[in-house]
$ cat input-v1.cif   # mmCIF, C-alpha atoms and all ligand atoms
data_upload
loop_
_atom_site.label_atom_id
_atom_site.label_comp_id
_atom_site.auth_asym_id
_atom_site.auth_seq_id
_atom_site.Cartn_x
_atom_site.Cartn_y
_atom_site.Cartn_z
CA MET A 1 109.14 41.18 11.11
CA PRO A 2 107.20 43.65 8.94
CA LEU A 3 104.71 44.86 11.51
CA LEU A 4 101.07 44.39 10.67
CA PRO A 5 98.40 46.22 12.66
CA PRO A 6 97.26 43.90 15.47
CA LEU A 7 93.89 42.92 14.03
CA VAL A 8 95.33 42.26 10.57
CA ALA A 9 98.03 40.09 12.20
CA LEU A 10 95.32 38.03 13.86
CA GLU A 11 93.38 37.64 10.64
CA LYS A 12 96.52 36.57 8.78
CA GLY A 13 97.64 34.12 11.47
CA ARG A 14 100.69 36.22 12.39
CA TRP A 15 99.72 37.51 15.81
CA VAL A 16 102.43 37.45 18.49
CA LYS A 17 101.75 38.47 22.06
CA LEU A 18 104.21 39.08 24.89
CA ILE A 19 102.85 37.96 28.26
CA CYS A 20 104.47 39.89 31.09
CA GLY A 21 102.36 37.91 33.56
CA ALA A 22 99.04 38.51 35.32
CA SER A 23 100.82 38.76 38.69
CA TYR A 24 104.25 39.99 37.62
CA GLN A 25 104.99 43.49 38.94
CA ASP A 26 108.73 44.02 38.43
CA LEU A 27 108.31 47.46 36.90
CA PRO A 28 111.84 48.10 35.51
CA ALA A 29 111.87 44.60 33.95
CA ILE A 30 108.38 45.08 32.48
CA ARG A 31 109.33 48.49 31.07
CA ASN A 32 112.43 47.02 29.41
CA LEU A 33 110.59 43.94 28.14
CA ALA A 34 107.98 46.24 26.57
CA LEU A 35 110.77 48.27 24.95
CA VAL A 36 112.55 45.27 23.44
CA TYR A 37 109.50 43.31 22.33
CA SER A 38 107.85 46.43 20.86
CA LEU A 39 110.98 46.91 18.77
CA ALA A 40 110.95 43.21 17.86
CA GLY A 41 107.42 43.66 16.53
CA VAL A 42 104.94 41.95 18.87
CA HIS A 43 101.29 42.91 18.35
CA CYS A 44 100.16 42.88 21.95
CA ILE A 45 101.65 43.18 25.43
CA ASP A 46 99.72 41.53 28.21
CA GLY A 47 100.34 42.61 31.80
CA ALA A 48 98.88 42.59 35.28
CA ALA A 49 95.81 44.70 36.01
CA ASP A 50 97.85 47.22 37.96
CA LEU A 51 98.15 50.90 37.06
CA ALA A 52 101.91 50.93 37.74
CA VAL A 53 102.38 47.94 35.42
CA LEU A 54 100.31 49.63 32.70
CA SER A 55 102.46 52.75 33.01
CA ALA A 56 105.64 50.65 32.79
CA ILE A 57 104.39 48.96 29.61
CA ARG A 58 103.42 52.32 28.07
CA GLU A 59 106.81 53.80 29.05
CA GLY A 60 108.61 50.90 27.38
CA MET A 61 106.52 51.37 24.22
CA ALA A 62 107.29 55.12 24.20
CA ALA A 63 111.00 54.36 24.61
CA ALA A 64 110.76 52.02 21.61
CA ARG A 65 109.21 54.83 19.51
CA ARG A 66 111.98 57.22 20.51
CA TRP A 67 114.65 54.62 19.73
CA ARG A 68 113.19 54.00 16.26
CA GLU A 69 113.10 57.77 15.64
CA ARG A 70 116.74 58.16 16.65
CA GLN A 71 117.69 55.29 14.33
CA GLY A 72 115.82 56.98 11.47
CA LEU A 73 113.43 54.02 11.19
CA PRO A 74 109.85 54.54 10.05
CA ALA A 75 107.13 54.66 12.71
CA GLN A 76 105.15 51.48 13.25
CA SER A 77 101.90 50.61 15.05
CA ASP A 78 102.17 50.30 18.80
CA PRO A 79 101.30 46.91 20.26
CA TRP A 80 97.90 46.71 21.93
CA VAL A 81 97.98 46.69 25.72
CA MET A 82 96.01 43.91 27.39
CA VAL A 83 95.19 43.34 31.06
CA SER A 84 93.99 40.13 32.64
CA LEU A 85 91.05 39.56 34.99
CA ASN A 86 90.08 36.31 36.70
CA ASP A 87 86.67 34.86 37.45
CA GLY A 88 87.88 32.82 40.44
CA GLU A 89 90.93 31.23 41.95
CA ASP A 90 93.57 30.86 39.27
CA PRO A 91 97.31 30.12 39.42
CA HIS A 92 98.09 33.16 37.26
CA PHE A 93 96.71 35.38 40.02
CA ARG A 94 98.71 34.36 43.07
CA LYS A 95 102.00 34.97 44.82
CA ALA A 96 104.14 32.49 46.72
CA VAL A 97 104.81 33.37 50.34
CA PHE A 98 106.85 32.03 53.27
CA ASP A 99 108.45 33.25 56.47
CA PRO A 100 112.26 33.03 56.02
CA ARG A 101 112.75 33.04 59.80
CA ARG A 102 111.44 29.48 59.83
CA CYS A 103 114.04 28.20 57.33
CA PRO A 104 116.85 26.09 58.83
CA PRO A 105 120.25 27.68 58.16
CA ASP A 106 121.53 24.49 56.51
CA CYS A 107 118.65 24.24 54.01
CA PRO A 108 120.13 23.81 50.49
CA ARG A 109 117.38 26.23 49.33
CA PRO A 110 115.77 24.26 46.50
CA CYS A 111 113.04 26.93 46.40
CA GLU A 112 115.57 29.52 45.29
CA ALA A 113 117.11 27.21 42.70
CA VAL A 114 113.79 26.30 41.08
CA CYS A 115 112.38 29.83 40.75
CA PRO A 116 112.55 31.00 37.12
CA ALA A 117 112.01 34.64 38.12
CA HIS A 118 114.80 34.87 40.71
CA ALA A 119 112.04 35.88 43.09
CA ILE A 120 113.38 34.13 46.21
CA ASP A 121 116.31 35.17 48.37
CA HIS A 122 117.21 35.24 52.06
CA ARG A 123 114.32 37.69 52.67
CA GLY A 124 111.76 35.19 51.38
CA VAL A 125 109.68 35.81 48.27
CA ILE A 126 110.35 39.12 46.53
CA GLU A 127 106.71 39.86 45.93
CA HIS A 128 106.90 42.01 42.80
CA LYS A 129 109.09 39.45 40.99
CA CYS A 130 106.86 36.43 41.73
CA TYR A 131 104.41 35.57 38.97
CA GLY A 132 102.80 32.61 40.67
CA CYS A 133 104.19 29.71 38.63
CA GLY A 134 104.03 27.51 41.73
CA ARG A 135 107.28 25.63 41.08
CA CYS A 136 108.66 26.49 44.54
CA LEU A 137 105.60 25.20 46.40
CA PRO A 138 106.29 21.43 46.31
CA VAL A 139 110.09 21.60 46.67
CA CYS A 140 110.33 22.89 50.23
CA PRO A 141 111.17 19.88 52.42
CA LEU A 142 109.38 21.54 55.34
CA GLY A 143 106.30 22.57 53.38
CA LEU A 144 106.79 26.22 54.39
CA ILE A 145 105.72 27.79 51.10
CA GLY A 146 102.12 28.74 50.51
CA ALA A 147 100.31 30.84 47.91
CA GLU A 148 98.23 33.98 48.31
CA ALA A 149 95.45 34.42 45.80
CA ARG A 150 94.85 37.76 44.09
CA ARG A 151 91.48 38.83 42.67
CA ILE A 152 91.11 41.97 40.57
CA LYS A 153 87.71 43.66 40.63
CA PRO A 154 86.51 44.80 37.19
CA ALA A 155 85.45 48.10 38.82
CA GLU A 156 89.16 48.85 39.38
CA VAL A 157 89.88 48.42 35.69
CA LEU A 158 86.91 50.30 34.19
CA PRO A 159 88.42 53.82 34.61
CA TRP A 160 91.57 52.65 32.75
CA LEU A 161 89.44 51.45 29.86
CA GLU A 162 87.63 54.79 29.73
CA ALA A 163 90.96 56.62 29.81
CA GLY A 164 92.21 54.61 26.81
CA LEU A 165 95.07 53.02 28.78
CA VAL A 166 93.92 49.50 27.89
CA ASP A 167 93.13 48.15 24.42
CA ALA A 168 92.12 44.61 25.30
CA VAL A 169 91.02 42.54 28.26
CA GLU A 170 91.68 38.87 28.89
CA LEU A 171 89.22 36.94 31.03
CA HIS A 172 90.80 33.94 32.75
CA THR A 173 88.29 31.21 33.39
CA GLN A 174 88.29 27.47 34.12
CA THR A 175 86.01 24.58 33.33
CA GLY A 176 83.02 24.71 35.67
CA HIS A 177 83.20 28.48 36.31
CA GLU A 178 80.22 29.31 34.11
CA ALA A 179 78.33 31.38 36.71
CA ASP A 180 81.50 33.23 37.78
CA PHE A 181 82.37 33.91 34.15
CA GLN A 182 78.87 35.30 33.52
CA ARG A 183 79.23 37.56 36.57
CA LEU A 184 82.65 38.84 35.49
CA TRP A 185 81.43 39.56 31.95
CA THR A 186 78.40 41.42 33.29
CA GLN A 187 80.60 43.53 35.57
CA LEU A 188 82.83 44.44 32.66
CA GLN A 189 79.95 45.66 30.45
CA PRO A 190 80.34 49.42 31.12
CA GLY A 191 83.86 49.24 29.65
CA VAL A 192 83.31 46.99 26.65
CA ALA A 193 82.70 49.87 24.23
CA HIS A 194 86.24 51.11 24.92
CA LEU A 195 87.88 47.79 23.99
CA LYS A 196 89.34 46.66 20.67
CA LEU A 197 89.57 42.97 21.57
CA LEU A 198 88.48 40.39 24.11
CA SER A 199 90.51 37.30 24.96
CA VAL A 200 89.22 34.31 26.93
CA SER A 201 91.96 32.21 28.48
CA CYS A 202 91.31 28.73 29.81
CA PRO A 203 93.63 25.90 30.89
CA TYR A 204 93.10 22.39 29.56
CA HIS A 205 90.57 20.08 31.24
CA PRO A 206 88.94 16.93 29.81
CA GLU A 207 85.61 18.84 29.72
CA VAL A 208 87.04 22.13 28.49
CA LEU A 209 85.53 22.06 24.98
CA PRO A 210 81.91 21.64 26.16
CA TYR A 211 82.69 24.35 28.73
CA LEU A 212 83.88 26.84 26.08
CA GLN A 213 80.81 26.01 23.99
CA LYS A 214 78.68 26.74 27.04
CA ILE A 215 80.24 30.14 27.78
CA TYR A 216 80.31 31.40 24.19
CA PRO A 217 76.57 32.26 24.24
CA ILE A 218 77.24 34.42 27.31
CA LEU A 219 79.42 36.64 25.09
CA ASP A 220 77.22 36.49 22.02
CA PRO A 221 76.51 38.89 20.34
CA LEU A 222 80.01 40.18 20.95
CA PRO A 223 80.69 43.66 19.53
CA LEU A 224 84.45 43.09 19.22
CA PRO A 225 86.92 40.42 18.04
CA LEU A 226 87.44 37.41 20.30
CA ILE A 227 90.52 35.28 20.96
CA TRP A 228 90.40 31.85 22.59
CA GLN A 229 93.72 31.51 24.43
CA THR A 230 94.44 27.79 24.78
CA ASP A 231 96.55 27.79 27.94
CA GLY A 232 97.97 24.26 27.65
CA ARG A 233 100.32 24.07 30.59
CA PRO A 234 100.19 27.49 32.24
CA MET A 235 103.44 29.42 32.72
CA SER A 236 105.68 26.63 31.39
CA GLY A 237 107.21 27.94 28.14
CA ASP A 238 110.71 28.17 29.63
CA ILE A 239 110.71 24.49 30.62
CA GLY A 240 111.42 23.08 27.17
CA LYS A 241 110.14 20.94 24.32
CA GLY A 242 107.58 18.84 26.21
CA ALA A 243 105.84 21.94 27.54
CA THR A 244 104.54 22.98 24.13
CA GLN A 245 102.53 19.83 23.37
CA PRO A 246 99.55 20.46 25.71
CA ALA A 247 98.91 23.92 24.22
CA ILE A 248 98.98 22.48 20.70
CA ARG A 249 96.68 19.56 21.53
CA PHE A 250 94.26 21.93 23.21
CA ALA A 251 94.31 24.32 20.22
CA GLN A 252 93.62 21.38 17.87
CA GLY A 253 90.55 20.58 19.95
CA VAL A 254 89.29 24.17 19.76
CA LEU A 255 89.93 24.23 16.00
CA ASN A 256 87.93 21.04 15.56
CA ALA A 257 85.12 22.34 17.76
CA GLY A 258 84.62 25.23 15.31
CA LEU A 259 84.07 27.89 17.95
CA PRO A 260 83.71 31.39 16.46
CA GLY A 261 86.78 33.54 17.15
CA PHE A 262 90.54 33.53 16.77
CA ILE A 263 92.73 30.83 18.32
CA GLN A 264 95.99 31.70 20.03
CA LEU A 265 98.25 29.31 21.92
CA ALA A 266 99.79 30.05 25.32
CA GLY A 267 101.05 28.06 28.29
CA GLY A 268 104.11 26.27 26.91
CA VAL A 269 104.82 28.38 23.81
CA ASN A 270 108.55 28.43 23.04
CA ALA A 271 111.07 27.80 20.26
CA HIS A 272 109.64 24.30 19.72
CA THR A 273 106.07 25.42 19.09
CA VAL A 274 106.18 26.47 15.45
CA PRO A 275 108.25 23.44 14.29
CA LYS A 276 105.80 21.18 16.13
CA LEU A 277 102.81 22.93 14.54
CA GLY A 278 104.50 22.35 11.18
CA GLU A 279 105.06 18.63 11.88
CA LEU A 280 101.40 18.26 12.73
CA GLY A 281 100.32 19.90 9.50
CA LEU A 282 98.73 22.82 11.30
CA LEU A 283 100.61 25.40 9.23
CA ASN A 284 99.56 24.28 5.80
CA GLY A 285 97.17 27.09 5.15
CA ALA A 286 94.34 25.10 6.66
CA VAL A 287 91.26 27.19 7.44
CA PRO A 288 90.37 27.49 10.26
CA ARG A 289 93.90 27.92 11.47
CA ILE A 290 95.95 28.95 14.46
CA ASN A 291 95.90 32.75 14.52
CA GLY A 292 98.80 33.42 16.83
CA LEU A 293 101.11 32.62 19.68
CA ALA A 294 101.67 34.14 23.11
CA TYR A 295 105.12 33.95 24.67
CA GLY A 296 105.35 34.34 28.44
CA SER A 297 108.03 32.76 30.60
CA TYR A 298 110.03 31.78 27.50
CA ALA A 299 110.19 35.42 26.32
CA ARG A 300 111.09 36.72 29.77
CA VAL A 301 113.81 34.13 30.47
CA LEU A 302 115.27 34.77 27.01
CA LEU A 303 116.27 38.29 28.11
CA GLN A 304 116.69 37.77 31.84
CA ASP A 305 120.50 38.03 31.96
CA LEU A 306 120.51 41.23 29.87
CA LEU A 307 118.05 43.47 31.67
CA PRO A 308 119.50 45.94 34.20
CA GLU A 309 117.95 45.67 37.66
CA THR A 310 116.52 49.21 37.64
CA GLU A 311 117.80 51.26 34.71
CA PRO A 312 116.41 51.77 31.19
CA LEU A 313 118.00 49.25 28.86
CA GLU A 314 118.68 51.87 26.17
CA LEU A 315 121.38 53.35 28.42
CA TYR A 316 123.36 50.23 27.41
CA PRO A 317 123.20 50.13 23.60
CA ASP A 318 125.19 46.88 23.33
CA LEU A 319 122.86 45.10 25.73
CA LEU A 320 119.83 46.49 23.87
CA LYS A 321 121.24 45.24 20.59
CA THR A 322 121.80 41.73 21.98
CA ALA A 323 118.35 41.73 23.59
CA LEU A 324 116.78 42.74 20.31
CA GLU A 325 118.61 39.99 18.42
CA ARG A 326 117.26 37.44 20.89
CA ALA A 327 113.75 38.88 20.91
CA ARG A 328 113.71 38.78 17.13
CA GLN A 329 113.96 34.97 17.37
CA ILE A 330 110.30 35.20 18.28
CA ALA A 331 109.64 37.44 15.29
CA VAL A 332 111.43 34.94 13.05
CA ILE A 333 109.30 32.16 14.49
CA SER A 334 106.22 34.20 13.68
CA GLU A 335 107.44 34.75 10.14
CA GLN A 336 107.73 30.97 9.73
CA LEU A 337 104.21 30.69 11.05
CA SER A 338 102.91 33.15 8.48
CA VAL A 339 104.93 31.77 5.57
CA SER A 340 103.79 28.25 6.29
CA ALA A 341 100.23 29.35 6.87
CA HIS A 342 99.97 31.08 3.52
CA ASN A 343 101.81 28.69 1.26
S1 LIG A 401 108.91 29.68 41.79
FE1 LIG A 401 107.17 30.71 40.82
S2 LIG A 401 105.65 30.89 42.50
FE2 LIG A 401 107.64 30.45 43.45
S3 LIG A 401 108.48 32.49 43.92
FE3 LIG A 401 109.27 31.89 41.91
S4 LIG A 401 107.82 32.84 40.45
FE4 LIG A 401 106.84 32.79 42.48
S1 LIG A 402 113.19 25.20 50.71
FE1 LIG A 402 111.80 25.72 52.39
S2 LIG A 402 113.10 25.70 54.20
FE2 LIG A 402 114.47 25.75 52.45
S3 LIG A 402 114.92 27.94 52.16
FE3 LIG A 402 113.14 27.41 50.83
S4 LIG A 402 111.33 27.89 52.09
FE4 LIG A 402 113.10 27.78 53.48
#

$ encode --input "input-v1.cif" --output "structure tokens"
Amino acid sequence: MPLLPPLVALEKGRWVKLICGASYQDLPAIRNLALVYSLAGVHCIDGAADLAVLSAIREGMAAARRWRERQGLPAQSDPWVMVSLNDGEDPHFRKAVFDPRRCPPDCPRPCEAVCPAHAIDHRGVIEHKCYGCGRCLPVCPLGLIGAEARRIKPAEVLPWLEAGLVDAVELHTQTGHEADFQRLWTQLQPGVAHLKLLSVSCPYHPEVLPYLQKIYPILDPLPLPLIWQTDGRPMSGDIGKGATQPAIRFAQGVLNAGLPGFIQLAGGVNAHTVPKLGELGLLNGAVPRINGLAYGSYARVLLQDLLPETEPLELYPDLLKTALERARQIAVISEQLSVSAHN
């Protein structure tokens, strides 16, 4: 993908974001994901609001620059780094938890089988690998698995904004959270001048469009570009074809509502998303249009069997090459998006 600067990519409807996960803290995996997807040409990498995660993303991006240099390739813009904050309880900001001592020895371990992040073993939940998808919660026959919520205070993030470690912030909200959203936005004010972009992420709800219309005036006048992230079925992109429909339907609703800002799909984005957008006539150069896509669990699962447990991926050039070929599937998808959108 010829890499456009992030804001230009948004304006042209070619924006692609990698979501590492608002709760995902597997640092070697995040570092290697940032390396591969930077090389593949994503415009933004979204990670947990955690200094170690930010460092891992920046390390992966630096490794990508060095790799390009060694290959004699021209330099290209770095992706923007985004962190996520929540205005209340939210499935993206939780970890599964259980006490493995309570598990019967003959349990067939459906929790382990269902986990897309390989975050469960005989020790219980491997905390840094869990990204809170919740799939293990209902499958335990004894109901042993619970979830621990995580809330990031904006005050923790402000110094990172001042230090230039973060380019963009994503505010996760939900229908009915208006007062909490207002509070979160107010708390973030001292850092807004350091940002290049704001994203507001919301899952679908029958009343979500009036809700987004209600919170927009809280942001207005906004001194920076805004993305509405339509989080159709959160953290479901790896599940398959059906998962992509809710994000598309939700995005259609936001398009029709005419809210100011860019529109980017998430929550179910995978290889089926662009073809489905095409079938629905949403790539025919219509204005307003979909401005981009965010790949989360689909992008991570795509590379899962290739990433070393702890080592830098570039130590294994063959693996890096294969990873890059797979990651470029996303770039190709984005190219289709742009071609269709401009014809
Ligand atoms: S299934 Fe989801 S919530 Fe459960 S441990 Fe795995 S990543 Fe965490
Ligand atoms: S399904 Fe429940 S009982 Fe079985 S291993 Fe998982 S947590 Fe333990």

$ residues_around --input "input-v1.cif" --residues "Gln304 in chain A" --least-positions-apart "6" --cutoff "10 Å" --atoms "all atoms listed in the file" --output "VMD selection string"
chain A and resid 29 33 116 to 118 298 323

$ residues_around --input "input-v1.cif" --residues "Ser38 in chain A" --least-positions-apart "2" --cutoff "7 Å" --atoms "all atoms listed in the file" --output "ChimeraX atom specification"
/A:34-36,40-42,61,64,79

$ residues_near_ligand --input "input-v1.cif" --ligand "ligand LIG 402 (chain A)" --cutoff "12 Å" --atoms "only C-alpha atoms and all ligand atoms" --output "PDB file with C-alpha atoms, keeping the file's coordinate frame"
ATOM      1  CA  ALA A  96     104.140  32.490  46.720  1.00  0.00           C
ATOM      2  CA  VAL A  97     104.810  33.370  50.340  1.00  0.00           C
ATOM      3  CA  PHE A  98     106.850  32.030  53.270  1.00  0.00           C
ATOM      4  CA  ASP A  99     108.450  33.250  56.470  1.00  0.00           C
ATOM      5  CA  PRO A 100     112.260  33.030  56.020  1.00  0.00           C
ATOM      6  CA  ARG A 101     112.750  33.040  59.800  1.00  0.00           C
ATOM      7  CA  ARG A 102     111.440  29.480  59.830  1.00  0.00           C
ATOM      8  CA  CYS A 103     114.040  28.200  57.330  1.00  0.00           C
ATOM      9  CA  PRO A 104     116.850  26.090  58.830  1.00  0.00           C
ATOM     10  CA  PRO A 105     120.250  27.680  58.160  1.00  0.00           C
ATOM     11  CA  ASP A 106     121.530  24.490  56.510  1.00  0.00           C
ATOM     12  CA  CYS A 107     118.650  24.240  54.010  1.00  0.00           C
ATOM     13  CA  PRO A 108     120.130  23.810  50.490  1.00  0.00           C
ATOM     14  CA  ARG A 109     117.380  26.230  49.330  1.00  0.00           C
ATOM     15  CA  PRO A 110     115.770  24.260  46.500  1.00  0.00           C
ATOM     16  CA  CYS A 111     113.040  26.930  46.400  1.00  0.00           C
ATOM     17  CA  GLU A 112     115.570  29.520  45.290  1.00  0.00           C
ATOM     18  CA  ALA A 113     117.110  27.210  42.700  1.00  0.00           C
ATOM     19  CA  VAL A 114     113.790  26.300  41.080  1.00  0.00           C
ATOM     20  CA  CYS A 115     112.380  29.830  40.750  1.00  0.00           C
ATOM     21  CA  ALA A 119     112.040  35.880  43.090  1.00  0.00           C
ATOM     22  CA  ILE A 120     113.380  34.130  46.210  1.00  0.00           C
ATOM     23  CA  ASP A 121     116.310  35.170  48.370  1.00  0.00           C
ATOM     24  CA  HIS A 122     117.210  35.240  52.060  1.00  0.00           C
ATOM     25  CA  ARG A 123     114.320  37.690  52.670  1.00  0.00           C
ATOM     26  CA  GLY A 124     111.760  35.190  51.380  1.00  0.00           C
ATOM     27  CA  VAL A 125     109.680  35.810  48.270  1.00  0.00           C
ATOM     28  CA  ARG A 135     107.280  25.630  41.080  1.00  0.00           C
ATOM     29  CA  CYS A 136     108.660  26.490  44.540  1.00  0.00           C
ATOM     30  CA  LEU A 137     105.600  25.200  46.400  1.00  0.00           C
ATOM     31  CA  PRO A 138     106.290  21.430  46.310  1.00  0.00           C
ATOM     32  CA  VAL A 139     110.090  21.600  46.670  1.00  0.00           C
ATOM     33  CA  CYS A 140     110.330  22.890  50.230  1.00  0.00           C
ATOM     34  CA  PRO A 141     111.170  19.880  52.420  1.00  0.00           C
ATOM     35  CA  LEU A 142     109.380  21.540  55.340  1.00  0.00           C
ATOM     36  CA  GLY A 143     106.300  22.570  53.380  1.00  0.00           C
ATOM     37  CA  LEU A 144     106.790  26.220  54.390  1.00  0.00           C
ATOM     38  CA  ILE A 145     105.720  27.790  51.100  1.00  0.00           C
ATOM     39  CA  GLY A 146     102.120  28.740  50.510  1.00  0.00           C
TER      40      GLY A 146
END

$ closest_residue --input "input-v1.cif" --among "A:Leu39, A:Ile126, A:Ile30, A:Val301" --to "Ile57 in chain A" --atoms "only C-alpha atoms"
A:Ile30

$ atom_distance --input "input-v1.cif" --atom1 "CA of Phe250 in chain A" --atom2 "CA of Gln187 in chain A"
28.4 Å

$ axis_aligned_box --input "input-v1.cif" --around "ligand LIG 401 (chain A)" --padding-each-side "8 Å" --output "AutoDock Vina command-line options"
--center_x 107.5 --center_y 31.3 --center_z 42.2 --size_x 19.6 --size_y 19.2 --size_z 19.5

$ residues_near_point --input "input-v1.cif" --point "(81.7, 39.7, 33.3)" --cutoff "12 Å" --atoms "only C-alpha atoms" --output "ChimeraX atom specification"
/A:85-88,153-155,158,169-173,177-192,198,200,215,218-219

$ residues_around --input "input-v1.cif" --residues "Pro308 in chain A" --least-positions-apart "6" --cutoff "9 Å" --atoms "all atoms listed in the file" --output "PyMOL selection string"
chain A and resi 28-29+32+316

$ closest_residue --input "input-v1.cif" --among "A:Leu319, A:Cys44, A:Ala163, A:Leu302" --to "Ala9 in chain A" --atoms "all atoms listed in the file"
A:Cys44

$ atom_distance --input "input-v1.cif" --atom1 "CA of Gln252 in chain A" --atom2 "CA of Val274 in chain A"
13.8 Å

$ residues_around --input "input-v1.cif" --residues "Ala75 in chain A" --least-positions-apart "4" --cutoff "10 Å" --atoms "only C-alpha atoms" --output "NGL selection string"
:A and (64-66 or 68-69)

$ atom_distance --input "input-v1.cif" --atom1 "CA of Leu165 in chain A" --atom2 "CA of Leu195 in chain A"
10.1 Å

$ closest_residue --input "input-v1.cif" --among "A:Leu293, A:Leu224, A:Leu265, A:Leu307" --to "Ile330 in chain A" --atoms "all atoms listed in the file"
A:Leu293

$ closest_residue --input "input-v1.cif" --among "A:Glu279, A:Glu311, A:Asp231, A:Asp78" --to "Ile19 in chain A" --atoms "only C-alpha atoms"
A:Asp231

$ closest_residue --input "input-v1.cif" --among "A:Phe93, A:Trp228, A:Trp15, A:Trp67" --to "ligand LIG 401 (chain A)" --atoms "only C-alpha atoms and all ligand atoms"
A:Phe93

$ closest_residue --input "input-v1.cif" --among "A:Gln76, A:Ser297, A:Gln174, A:Ser199" --to "ligand LIG 401 (chain A)" --atoms "all atoms listed in the file"
A:Ser297

$ residues_near_point --input "input-v1.cif" --point "(88.0, 25.4, 33.1)" --cutoff "7 Å" --atoms "only C-alpha atoms" --output "PyMOL selection string"
chain A and resi 173-177+202-205+208+211

$ residues_around --input "input-v1.cif" --residues "Ala49 in chain A" --least-positions-apart "6" --cutoff "8 Å" --atoms "only C-alpha atoms" --output "list in words"
Ala22, Val83, Ser84, Leu85, Ile152 and Val157 of chain A

$ decode --input "input-v1.cif" --residues "range 132-145 of chain A" --atoms "N, CA and C atoms" --output "compact mmCIF listing (two decimals), in the first residue's frame"
# COMPACT_ATOMS: atom_id res chain seq x y z
N GLY A 132 -10.08 -9.41 27.31
CA GLY A 132 -11.42 -9.14 27.81
C GLY A 132 -12.57 -9.48 26.89
N CYS A 133 -12.34 -10.34 25.88
CA CYS A 133 -13.41 -10.61 24.92
C CYS A 133 -14.64 -11.24 25.56
N GLY A 134 -14.44 -11.93 26.68
CA GLY A 134 -15.58 -12.48 27.42
C GLY A 134 -16.05 -13.84 26.93
N ARG A 135 -15.40 -14.42 25.93
CA ARG A 135 -15.91 -15.69 25.38
C ARG A 135 -15.81 -16.84 26.38
N CYS A 136 -14.84 -16.76 27.31
CA CYS A 136 -14.67 -17.85 28.27
C CYS A 136 -15.73 -17.79 29.38
N LEU A 137 -16.30 -16.63 29.61
CA LEU A 137 -17.18 -16.46 30.77
C LEU A 137 -18.38 -17.41 30.79
N PRO A 138 -19.13 -17.56 29.68
CA PRO A 138 -20.31 -18.41 29.76
C PRO A 138 -20.03 -19.90 29.57
N VAL A 139 -18.80 -20.28 29.20
CA VAL A 139 -18.60 -21.69 28.84
C VAL A 139 -18.19 -22.57 30.03
N CYS A 140 -17.85 -21.96 31.15
CA CYS A 140 -17.44 -22.78 32.29
C CYS A 140 -18.68 -23.45 32.91
N PRO A 141 -18.71 -24.78 32.95
CA PRO A 141 -19.90 -25.45 33.47
C PRO A 141 -20.14 -25.15 34.95
N LEU A 142 -19.07 -24.72 35.65
CA LEU A 142 -19.24 -24.43 37.08
C LEU A 142 -19.38 -22.94 37.36
N GLY A 143 -19.36 -22.15 36.31
CA GLY A 143 -19.51 -20.70 36.49
C GLY A 143 -18.38 -20.09 37.31
N LEU A 144 -17.16 -20.61 37.12
CA LEU A 144 -16.04 -20.14 37.95
C LEU A 144 -15.39 -18.86 37.42
N ILE A 145 -15.70 -18.49 36.18
CA ILE A 145 -14.94 -17.39 35.56
C ILE A 145 -15.68 -16.07 35.72
